[in-house]
$ cat run-v7.txt   # compact mmCIF, N, CA and C atoms
# COMPACT_ATOMS: atom_id res chain seq x y z
N MET A 864 17.56 24.11 -7.41
CA MET A 864 16.87 23.05 -6.70
C MET A 864 15.63 22.59 -7.46
N ALA A 865 15.01 23.50 -8.23
CA ALA A 865 13.81 23.12 -9.00
C ALA A 865 14.15 22.01 -9.99
N PHE A 866 15.34 22.08 -10.62
CA PHE A 866 15.74 21.04 -11.57
C PHE A 866 15.85 19.69 -10.87
N ILE A 867 16.44 19.66 -9.71
CA ILE A 867 16.59 18.40 -8.96
C ILE A 867 15.23 17.83 -8.60
N GLN A 868 14.31 18.68 -8.16
CA GLN A 868 12.99 18.19 -7.79
C GLN A 868 12.22 17.70 -9.01
N CYS A 869 12.34 18.40 -10.14
CA CYS A 869 11.69 17.93 -11.37
C CYS A 869 12.27 16.59 -11.79
N LYS A 870 13.58 16.43 -11.69
CA LYS A 870 14.19 15.13 -12.02
C LYS A 870 13.58 14.02 -11.17
N ASN A 871 13.35 14.30 -9.90
CA ASN A 871 12.74 13.29 -9.03
C ASN A 871 11.33 12.93 -9.48
N PHE A 872 10.55 13.93 -9.87
CA PHE A 872 9.20 13.66 -10.35
C PHE A 872 9.24 12.87 -11.66
N VAL A 873 10.17 13.19 -12.55
CA VAL A 873 10.32 12.45 -13.81
C VAL A 873 10.73 11.01 -13.52
N LYS A 874 11.72 10.83 -12.65
CA LYS A 874 12.20 9.49 -12.30
C LYS A 874 11.07 8.60 -11.79
N ASN A 875 10.17 9.18 -11.00
CA ASN A 875 9.06 8.41 -10.45
C ASN A 875 8.13 7.86 -11.53
N ARG A 876 8.18 8.43 -12.73
CA ARG A 876 7.32 7.97 -13.82
C ARG A 876 7.99 6.99 -14.76
N LEU A 877 9.27 6.76 -14.58
CA LEU A 877 10.00 5.87 -15.48
C LEU A 877 9.77 4.41 -15.13
N ARG A 878 9.85 3.56 -16.14
CA ARG A 878 9.71 2.11 -15.93
C ARG A 878 10.93 1.56 -15.18
N ALA A 879 12.11 2.10 -15.48
CA ALA A 879 13.35 1.65 -14.83
C ALA A 879 14.09 2.88 -14.30
N PRO A 880 13.62 3.46 -13.20
CA PRO A 880 14.21 4.70 -12.69
C PRO A 880 15.69 4.60 -12.35
N SER A 881 16.17 3.43 -11.99
CA SER A 881 17.59 3.30 -11.62
C SER A 881 18.50 3.46 -12.84
N THR A 882 17.95 3.38 -14.05
CA THR A 882 18.76 3.53 -15.26
C THR A 882 18.75 4.97 -15.79
N ALA A 883 18.06 5.87 -15.11
CA ALA A 883 17.91 7.25 -15.59
C ALA A 883 19.25 7.96 -15.68
N ASP A 884 19.47 8.59 -16.82
CA ASP A 884 20.68 9.37 -17.04
C ASP A 884 20.24 10.76 -17.52
N PHE A 885 20.32 11.75 -16.64
CA PHE A 885 19.93 13.12 -16.96
C PHE A 885 21.17 13.90 -17.40
N PRO A 886 21.01 14.86 -18.30
CA PRO A 886 22.18 15.65 -18.73
C PRO A 886 22.64 16.56 -17.60
N PHE A 887 23.91 16.87 -17.62
CA PHE A 887 24.46 17.74 -16.59
C PHE A 887 24.12 19.21 -16.85
N LEU A 888 24.22 19.65 -18.10
CA LEU A 888 24.00 21.06 -18.40
C LEU A 888 22.91 21.32 -19.43
N ASP A 889 22.48 20.32 -20.16
CA ASP A 889 21.55 20.53 -21.27
C ASP A 889 20.11 20.62 -20.75
N ARG A 890 19.75 21.83 -20.34
CA ARG A 890 18.41 22.07 -19.82
C ARG A 890 18.09 23.55 -19.96
N SER A 891 16.82 23.85 -19.93
CA SER A 891 16.35 25.23 -19.92
C SER A 891 15.52 25.41 -18.66
N ALA A 892 15.62 26.59 -18.07
CA ALA A 892 14.88 26.86 -16.84
C ALA A 892 14.38 28.30 -16.85
N TRP A 893 13.14 28.47 -16.39
CA TRP A 893 12.54 29.80 -16.30
C TRP A 893 11.84 29.95 -14.96
N ALA A 894 11.91 31.13 -14.41
CA ALA A 894 11.10 31.48 -13.24
C ALA A 894 9.89 32.22 -13.79
N LEU A 895 8.70 31.65 -13.60
CA LEU A 895 7.48 32.25 -14.13
C LEU A 895 6.88 33.28 -13.20
N ASP A 896 6.87 32.95 -11.97
CA ASP A 896 6.23 33.78 -10.96
C ASP A 896 7.01 33.54 -9.68
N GLN A 897 6.60 34.17 -8.64
CA GLN A 897 7.27 33.94 -7.36
C GLN A 897 7.14 32.47 -6.98
N ASN A 898 8.26 31.78 -6.93
CA ASN A 898 8.35 30.38 -6.52
C ASN A 898 7.75 29.39 -7.52
N VAL A 899 7.50 29.79 -8.77
CA VAL A 899 7.03 28.89 -9.81
C VAL A 899 8.08 28.84 -10.91
N TYR A 900 8.48 27.61 -11.27
CA TYR A 900 9.57 27.40 -12.22
C TYR A 900 9.14 26.42 -13.30
N VAL A 901 9.70 26.58 -14.48
CA VAL A 901 9.53 25.62 -15.57
C VAL A 901 10.92 25.13 -15.97
N ILE A 902 11.07 23.83 -16.03
CA ILE A 902 12.33 23.21 -16.41
C ILE A 902 12.04 22.33 -17.63
N LYS A 903 12.92 22.41 -18.63
CA LYS A 903 12.78 21.59 -19.83
C LYS A 903 14.10 20.88 -20.08
N SER A 904 14.02 19.54 -20.25
CA SER A 904 15.24 18.76 -20.46
C SER A 904 14.86 17.40 -21.06
N TYR A 905 15.74 16.41 -20.85
CA TYR A 905 15.49 15.06 -21.32
C TYR A 905 16.13 14.07 -20.34
N VAL A 906 15.75 12.81 -20.52
CA VAL A 906 16.35 11.74 -19.74
C VAL A 906 16.53 10.53 -20.66
N ASP A 907 17.64 9.84 -20.52
CA ASP A 907 17.86 8.58 -21.20
C ASP A 907 17.67 7.48 -20.16
N ALA A 908 16.81 6.50 -20.47
CA ALA A 908 16.54 5.42 -19.52
C ALA A 908 16.02 4.20 -20.28
N GLN A 909 16.09 3.06 -19.63
CA GLN A 909 15.59 1.83 -20.24
C GLN A 909 14.07 1.85 -20.31
N ASN A 910 13.56 1.35 -21.44
CA ASN A 910 12.12 1.19 -21.56
C ASN A 910 11.75 -0.23 -21.13
N GLY A 911 10.52 -0.63 -21.37
CA GLY A 911 10.05 -1.95 -20.96
C GLY A 911 10.74 -3.11 -21.64
N PHE A 912 11.41 -2.85 -22.76
CA PHE A 912 12.12 -3.89 -23.49
C PHE A 912 13.61 -3.91 -23.17
N GLY A 913 14.05 -3.02 -22.30
CA GLY A 913 15.45 -2.96 -21.91
C GLY A 913 16.31 -2.07 -22.78
N ALA A 914 15.72 -1.45 -23.79
CA ALA A 914 16.47 -0.55 -24.67
C ALA A 914 16.52 0.84 -24.04
N ILE A 915 17.64 1.51 -24.21
CA ILE A 915 17.79 2.89 -23.73
C ILE A 915 17.10 3.82 -24.73
N THR A 916 16.17 4.61 -24.25
CA THR A 916 15.46 5.57 -25.08
C THR A 916 15.54 6.96 -24.45
N ARG A 917 15.44 7.97 -25.29
CA ARG A 917 15.47 9.35 -24.81
C ARG A 917 14.03 9.86 -24.71
N THR A 918 13.71 10.45 -23.58
CA THR A 918 12.41 11.06 -23.36
C THR A 918 12.61 12.53 -23.01
N ASN A 919 12.03 13.40 -23.81
CA ASN A 919 12.05 14.83 -23.50
C ASN A 919 10.94 15.10 -22.49
N TRP A 920 11.16 16.09 -21.66
CA TRP A 920 10.14 16.43 -20.66
C TRP A 920 10.20 17.91 -20.33
N HIS A 921 9.07 18.41 -19.86
CA HIS A 921 9.07 19.73 -19.23
C HIS A 921 8.17 19.68 -18.01
N CYS A 922 8.60 20.38 -17.00
CA CYS A 922 8.02 20.30 -15.67
C CYS A 922 7.74 21.72 -15.17
N LYS A 923 6.56 21.91 -14.64
CA LYS A 923 6.21 23.18 -13.99
C LYS A 923 6.03 22.85 -12.51
N ILE A 924 6.74 23.56 -11.67
CA ILE A 924 6.82 23.20 -10.26
C ILE A 924 6.76 24.46 -9.40
N GLN A 925 6.19 24.31 -8.21
CA GLN A 925 6.08 25.45 -7.29
C GLN A 925 6.72 25.11 -5.96
N TYR A 926 7.55 26.03 -5.49
CA TYR A 926 8.19 25.88 -4.19
C TYR A 926 7.28 26.49 -3.13
N ASN A 927 7.01 25.71 -2.06
CA ASN A 927 6.05 26.13 -1.03
C ASN A 927 6.71 26.64 0.24
N GLY A 928 8.03 26.71 0.26
CA GLY A 928 8.73 27.16 1.45
C GLY A 928 9.27 25.99 2.25
N GLY A 929 10.15 26.28 3.18
CA GLY A 929 10.76 25.24 3.99
C GLY A 929 12.06 24.77 3.36
N ASN A 930 12.45 23.56 3.69
CA ASN A 930 13.68 22.97 3.18
C ASN A 930 13.51 22.66 1.70
N SER A 931 14.25 23.34 0.83
CA SER A 931 14.07 23.15 -0.61
C SER A 931 14.55 21.78 -1.09
N ALA A 932 15.33 21.07 -0.28
CA ALA A 932 15.77 19.73 -0.64
C ALA A 932 14.69 18.68 -0.37
N ASP A 933 13.65 19.03 0.36
CA ASP A 933 12.56 18.11 0.70
C ASP A 933 11.49 18.20 -0.39
N GLN A 934 11.27 17.09 -1.10
CA GLN A 934 10.30 17.08 -2.20
C GLN A 934 8.88 17.40 -1.72
N ASN A 935 8.60 17.17 -0.47
CA ASN A 935 7.27 17.49 0.08
C ASN A 935 7.00 18.99 0.12
N ASN A 936 8.05 19.80 -0.02
CA ASN A 936 7.88 21.25 -0.02
C ASN A 936 7.72 21.83 -1.42
N TRP A 937 7.51 20.96 -2.40
CA TRP A 937 7.30 21.35 -3.78
C TRP A 937 5.98 20.77 -4.27
N THR A 938 5.30 21.50 -5.13
CA THR A 938 4.06 21.02 -5.74
C THR A 938 4.30 20.90 -7.24
N LEU A 939 4.04 19.71 -7.78
CA LEU A 939 4.14 19.51 -9.22
C LEU A 939 2.86 20.06 -9.85
N LEU A 940 3.01 21.08 -10.68
CA LEU A 940 1.85 21.70 -11.34
C LEU A 940 1.57 21.08 -12.70
N ASP A 941 2.62 20.63 -13.39
CA ASP A 941 2.45 20.02 -14.71
C ASP A 941 3.73 19.27 -15.05
N LEU A 942 3.57 18.10 -15.65
CA LEU A 942 4.72 17.34 -16.14
C LEU A 942 4.30 16.65 -17.42
N GLU A 943 4.97 17.00 -18.51
CA GLU A 943 4.69 16.38 -19.80
C GLU A 943 5.95 15.70 -20.31
N THR A 944 5.77 14.51 -20.82
CA THR A 944 6.87 13.78 -21.45
C THR A 944 6.50 13.54 -22.91
N TYR A 945 7.51 13.57 -23.75
CA TYR A 945 7.26 13.37 -25.19
C TYR A 945 8.50 12.88 -25.88
$ encode --input "run-v7.txt" --output "structure tokens"
Amino acid sequence: MAFIQCKNFVKNRLRAPSTADFPFLDRSAWALDQNVYVIKSYVDAQNGFGAITRTNWHCKIQYNGGNSADQNNWTLLDLETY
């Protein structure tokens, strides 16, 4: 579920979120601490000129309890794109 929530946070930062194409299996994930996860992956999406570009990202996220499908139950601790 951490990967799905990180994808949502990444999508919110894209210029054209509806064009986002995340890989199905190409990702790395680590549990750092109780309920803290780091996910590393990439997304292909349109940039401001309409060209599809690849953006690598890593996300550190914390689960706060409750329904794990609800993004409000997660705290984004860090998100870097490069």
$ select_by_dssp --input "run-v7.txt" --residues "chain A" --states "strand (DSSP E or B)" --output "VMD selection string"
chain A and resid 884 891 to 896 899 to 909 915 to 926 937 to 944
$ write_last_selection --input "run-v7.txt" --atoms "N, CA and C atoms" --output "compact mmCIF listing (two decimals), keeping the file's coordinate frame"
# COMPACT_ATOMS: atom_id res chain seq x y z
N ASP A 884 19.47 8.59 -16.82
CA ASP A 884 20.68 9.37 -17.04
C ASP A 884 20.24 10.76 -17.52
N SER A 891 16.82 23.85 -19.93
CA SER A 891 16.35 25.23 -19.92
C SER A 891 15.52 25.41 -18.66
N ALA A 892 15.62 26.59 -18.07
CA ALA A 892 14.88 26.86 -16.84
C ALA A 892 14.38 28.30 -16.85
N TRP A 893 13.14 28.47 -16.39
CA TRP A 893 12.54 29.80 -16.30
C TRP A 893 11.84 29.95 -14.96
N ALA A 894 11.91 31.13 -14.41
CA ALA A 894 11.10 31.48 -13.24
C ALA A 894 9.89 32.22 -13.79
N LEU A 895 8.70 31.65 -13.60
CA LEU A 895 7.48 32.25 -14.13
C LEU A 895 6.88 33.28 -13.20
N ASP A 896 6.87 32.95 -11.97
CA ASP A 896 6.23 33.78 -10.96
C ASP A 896 7.01 33.54 -9.68
N VAL A 899 7.50 29.79 -8.77
CA VAL A 899 7.03 28.89 -9.81
C VAL A 899 8.08 28.84 -10.91
N TYR A 900 8.48 27.61 -11.27
CA TYR A 900 9.57 27.40 -12.22
C TYR A 900 9.14 26.42 -13.30
N VAL A 901 9.70 26.58 -14.48
CA VAL A 901 9.53 25.62 -15.57
C VAL A 901 10.92 25.13 -15.97
N ILE A 902 11.07 23.83 -16.03
CA ILE A 902 12.33 23.21 -16.41
C ILE A 902 12.04 22.33 -17.63
N LYS A 903 12.92 22.41 -18.63
CA LYS A 903 12.78 21.59 -19.83
C LYS A 903 14.10 20.88 -20.08
N SER A 904 14.02 19.54 -20.25
CA SER A 904 15.24 18.76 -20.46
C SER A 904 14.86 17.40 -21.06
N TYR A 905 15.74 16.41 -20.85
CA TYR A 905 15.49 15.06 -21.32
C TYR A 905 16.13 14.07 -20.34
N VAL A 906 15.75 12.81 -20.52
CA VAL A 906 16.35 11.74 -19.74
C VAL A 906 16.53 10.53 -20.66
N ASP A 907 17.64 9.84 -20.52
CA ASP A 907 17.86 8.58 -21.20
C ASP A 907 17.67 7.48 -20.16
N ALA A 908 16.81 6.50 -20.47
CA ALA A 908 16.54 5.42 -19.52
C ALA A 908 16.02 4.20 -20.28
N GLN A 909 16.09 3.06 -19.63
CA GLN A 909 15.59 1.83 -20.24
C GLN A 909 14.07 1.85 -20.31
N ILE A 915 17.64 1.51 -24.21
CA ILE A 915 17.79 2.89 -23.73
C ILE A 915 17.10 3.82 -24.73
N THR A 916 16.17 4.61 -24.25
CA THR A 916 15.46 5.57 -25.08
C THR A 916 15.54 6.96 -24.45
N ARG A 917 15.44 7.97 -25.29
CA ARG A 917 15.47 9.35 -24.81
C ARG A 917 14.03 9.86 -24.71
N THR A 918 13.71 10.45 -23.58
CA THR A 918 12.41 11.06 -23.36
C THR A 918 12.61 12.53 -23.01
N ASN A 919 12.03 13.40 -23.81
CA ASN A 919 12.05 14.83 -23.50
C ASN A 919 10.94 15.10 -22.49
N TRP A 920 11.16 16.09 -21.66
CA TRP A 920 10.14 16.43 -20.66
C TRP A 920 10.20 17.91 -20.33
N HIS A 921 9.07 18.41 -19.86
CA HIS A 921 9.07 19.73 -19.23
C HIS A 921 8.17 19.68 -18.01
N CYS A 922 8.60 20.38 -17.00
CA CYS A 922 8.02 20.30 -15.67
C CYS A 922 7.74 21.72 -15.17
N LYS A 923 6.56 21.91 -14.64
CA LYS A 923 6.21 23.18 -13.99
C LYS A 923 6.03 22.85 -12.51
N ILE A 924 6.74 23.56 -11.67
CA ILE A 924 6.82 23.20 -10.26
C ILE A 924 6.76 24.46 -9.40
N GLN A 925 6.19 24.31 -8.21
CA GLN A 925 6.08 25.45 -7.29
C GLN A 925 6.72 25.11 -5.96
N TYR A 926 7.55 26.03 -5.49
CA TYR A 926 8.19 25.88 -4.19
C TYR A 926 7.28 26.49 -3.13
N TRP A 937 7.51 20.96 -2.40
CA TRP A 937 7.30 21.35 -3.78
C TRP A 937 5.98 20.77 -4.27
N THR A 938 5.30 21.50 -5.13
CA THR A 938 4.06 21.02 -5.74
C THR A 938 4.30 20.90 -7.24
N LEU A 939 4.04 19.71 -7.78
CA LEU A 939 4.14 19.51 -9.22
C LEU A 939 2.86 20.06 -9.85
N LEU A 940 3.01 21.08 -10.68
CA LEU A 940 1.85 21.70 -11.34
C LEU A 940 1.57 21.08 -12.70
N ASP A 941 2.62 20.63 -13.39
CA ASP A 941 2.45 20.02 -14.71
C ASP A 941 3.73 19.27 -15.05
N LEU A 942 3.57 18.10 -15.65
CA LEU A 942 4.72 17.34 -16.14
C LEU A 942 4.30 16.65 -17.42
N GLU A 943 4.97 17.00 -18.51
CA GLU A 943 4.69 16.38 -19.80
C GLU A 943 5.95 15.70 -20.31
N THR A 944 5.77 14.51 -20.82
CA THR A 944 6.87 13.78 -21.45
C THR A 944 6.50 13.54 -22.91
$ closest_residue --input "run-v7.txt" --among "A:Ala908, A:Thr938, A:Cys869, A:Val901" --to "A:Thr882" --atoms "only N, CA and C atoms"
A:Ala908
$ closest_residue --input "run-v7.txt" --among "A:Phe866, A:Asn898, A:Phe872, A:Gln934" --to "A:Pro886" --atoms "only C-alpha atoms"
A:Phe866
$ closest_residue --input "run-v7.txt" --among "A:Ala894, A:Leu877, A:Leu940, A:Cys922" --to "A:Gln909" --atoms "only C-alpha atoms"
A:Leu877
$ atom_distance --input "run-v7.txt" --atom1 "atom N of A:Tyr905" --atom2 "atom C of A:Trp937"
19.7 Å
$ atom_distance --input "run-v7.txt" --atom1 "atom CA of A:Ala932" --atom2 "atom CA of A:Met864"
7.0 Å
$ axis_aligned_box --input "run-v7.txt" --around "stretch 872-876 of chain A" --padding-each-side "4 Å" --output "JSON"
{"center_x": 9.8, "center_y": 10.5, "center_z": -12.3, "size_x": 12.9, "size_y": 14.9, "size_z": 12.9}
$ closest_residue --input "run-v7.txt" --among "A:Ala879, A:Leu942, A:Ile902, A:Val873" --to "A:Ala914" --atoms "only C-alpha atoms"
A:Ala879
$ closest_residue --input "run-v7.txt" --among "A:Ile867, A:Gly928, A:Lys923, A:Asp907" --to "A:Ala883" --atoms "only N, CA and C atoms"
A:Asp907
$ select_by_dssp --input "run-v7.txt" --residues "chain A" --states "helix (DSSP H, G or I)" --output "list in words"
Ala865, Phe866, Ile867, Gln868, Cys869, Lys870, Asn871, Phe872, Val873, Lys874, Pro880, Ser881, Thr882, Gln934, Asn935 and Asn936 of chain A
$ write_last_selection --input "run-v7.txt" --atoms "N, CA and C atoms" --output "short mmCIF file (atom, residue, chain, number, x, y, z; two decimals), keeping the file's coordinate frame"
data_model
loop_
_atom_site.label_atom_id
_atom_site.label_comp_id
_atom_site.auth_asym_id
_atom_site.auth_seq_id
_atom_site.Cartn_x
_atom_site.Cartn_y
_atom_site.Cartn_z
N ALA A 865 15.01 23.50 -8.23
CA ALA A 865 13.81 23.12 -9.00
C ALA A 865 14.15 22.01 -9.99
N PHE A 866 15.34 22.08 -10.62
CA PHE A 866 15.74 21.04 -11.57
C PHE A 866 15.85 19.69 -10.87
N ILE A 867 16.44 19.66 -9.71
CA ILE A 867 16.59 18.40 -8.96
C ILE A 867 15.23 17.83 -8.60
N GLN A 868 14.31 18.68 -8.16
CA GLN A 868 12.99 18.19 -7.79
C GLN A 868 12.22 17.70 -9.01
N CYS A 869 12.34 18.40 -10.14
CA CYS A 869 11.69 17.93 -11.37
C CYS A 869 12.27 16.59 -11.79
N LYS A 870 13.58 16.43 -11.69
CA LYS A 870 14.19 15.13 -12.02
C LYS A 870 13.58 14.02 -11.17
N ASN A 871 13.35 14.30 -9.90
CA ASN A 871 12.74 13.29 -9.03
C ASN A 871 11.33 12.93 -9.48
N PHE A 872 10.55 13.93 -9.87
CA PHE A 872 9.20 13.66 -10.35
C PHE A 872 9.24 12.87 -11.66
N VAL A 873 10.17 13.19 -12.55
CA VAL A 873 10.32 12.45 -13.81
C VAL A 873 10.73 11.01 -13.52
N LYS A 874 11.72 10.83 -12.65
CA LYS A 874 12.20 9.49 -12.30
C LYS A 874 11.07 8.60 -11.79
N PRO A 880 13.62 3.46 -13.20
CA PRO A 880 14.21 4.70 -12.69
C PRO A 880 15.69 4.60 -12.35
N SER A 881 16.17 3.43 -11.99
CA SER A 881 17.59 3.30 -11.62
C SER A 881 18.50 3.46 -12.84
N THR A 882 17.95 3.38 -14.05
CA THR A 882 18.76 3.53 -15.26
C THR A 882 18.75 4.97 -15.79
N GLN A 934 11.27 17.09 -1.10
CA GLN A 934 10.30 17.08 -2.20
C GLN A 934 8.88 17.40 -1.72
N ASN A 935 8.60 17.17 -0.47
CA ASN A 935 7.27 17.49 0.08
C ASN A 935 7.00 18.99 0.12
N ASN A 936 8.05 19.80 -0.02
CA ASN A 936 7.88 21.25 -0.02
C ASN A 936 7.72 21.83 -1.42
#
$ atom_distance --input "run-v7.txt" --atom1 "atom C of A:Asp884" --atom2 "atom C of A:Phe912"
17.1 Å
$ closest_residue --input "run-v7.txt" --among "A:Gln925, A:Thr944, A:Gln897, A:Thr918" --to "A:Ala865" --atoms "all atoms listed in the file"
A:Gln925
$ decode --input "run-v7.txt" --residues "stretch 873-919 of chain A" --atoms "C-alpha atoms" --output "mmCIF file, in the first residue's frame"
data_model
loop_
_atom_site.group_PDB
_atom_site.id
_atom_site.type_symbol
_atom_site.label_atom_id
_atom_site.label_comp_id
_atom_site.auth_asym_id
_atom_site.auth_seq_id
_atom_site.Cartn_x
_atom_site.Cartn_y
_atom_site.Cartn_z
ATOM 1 C CA VAL A 873 4.127 11.784 -7.067
ATOM 2 C CA LYS A 874 1.112 12.156 -9.368
ATOM 3 C CA ASN A 875 0.031 15.275 -7.477
ATOM 4 C CA ARG A 876 3.329 16.928 -8.463
ATOM 5 C CA LEU A 877 3.163 16.159 -12.172
ATOM 6 C CA ARG A 878 2.208 18.738 -14.786
ATOM 7 C CA ALA A 879 -0.022 16.183 -16.564
ATOM 8 C CA PRO A 880 -0.983 13.591 -13.926
ATOM 9 C CA SER A 881 -3.468 11.834 -16.208
ATOM 10 C CA THR A 882 -0.554 10.791 -18.464
ATOM 11 C CA ALA A 883 1.413 9.132 -15.635
ATOM 12 C CA ASP A 884 2.659 5.650 -16.411
ATOM 13 C CA PHE A 885 4.241 3.886 -13.415
ATOM 14 C CA PRO A 886 6.079 0.560 -13.792
ATOM 15 C CA PHE A 887 4.328 -2.547 -12.584
ATOM 16 C CA LEU A 888 7.314 -4.248 -10.955
ATOM 17 C CA ASP A 889 10.354 -1.993 -11.371
ATOM 18 C CA ARG A 890 10.627 -0.514 -7.895
ATOM 19 C CA SER A 891 12.540 -0.886 -4.658
ATOM 20 C CA ALA A 892 10.913 -0.775 -1.248
ATOM 21 C CA TRP A 893 12.277 -0.802 2.296
ATOM 22 C CA ALA A 894 10.674 -0.750 5.720
ATOM 23 C CA LEU A 895 12.839 1.606 7.790
ATOM 24 C CA ASP A 896 11.026 1.601 11.061
ATOM 25 C CA GLN A 897 7.632 0.667 12.356
ATOM 26 C CA ASN A 898 5.213 2.054 9.747
ATOM 27 C CA VAL A 899 7.916 4.040 7.859
ATOM 28 C CA TYR A 900 8.688 2.998 4.285
ATOM 29 C CA VAL A 901 10.942 4.160 1.459
ATOM 30 C CA ILE A 902 9.915 3.496 -2.123
ATOM 31 C CA LYS A 903 12.147 4.171 -5.131
ATOM 32 C CA SER A 904 10.874 4.031 -8.711
ATOM 33 C CA TYR A 905 10.128 6.162 -11.782
ATOM 34 C CA VAL A 906 7.222 7.556 -13.747
ATOM 35 C CA ASP A 907 6.833 8.364 -17.435
ATOM 36 C CA ALA A 908 4.561 11.363 -18.031
ATOM 37 C CA GLN A 909 4.100 14.353 -20.305
ATOM 38 C CA ASN A 910 6.054 17.467 -19.477
ATOM 39 C CA GLY A 911 4.948 21.047 -20.174
ATOM 40 C CA PHE A 912 5.788 20.661 -23.868
ATOM 41 C CA GLY A 913 3.765 17.473 -24.296
ATOM 42 C CA ALA A 914 6.792 15.182 -24.555
ATOM 43 C CA ILE A 915 6.893 11.998 -22.491
ATOM 44 C CA THR A 916 9.802 12.141 -20.045
ATOM 45 C CA ARG A 917 11.001 9.768 -17.347
ATOM 46 C CA THR A 918 11.309 11.075 -13.805
ATOM 47 C CA ASN A 919 12.986 9.002 -11.114
#
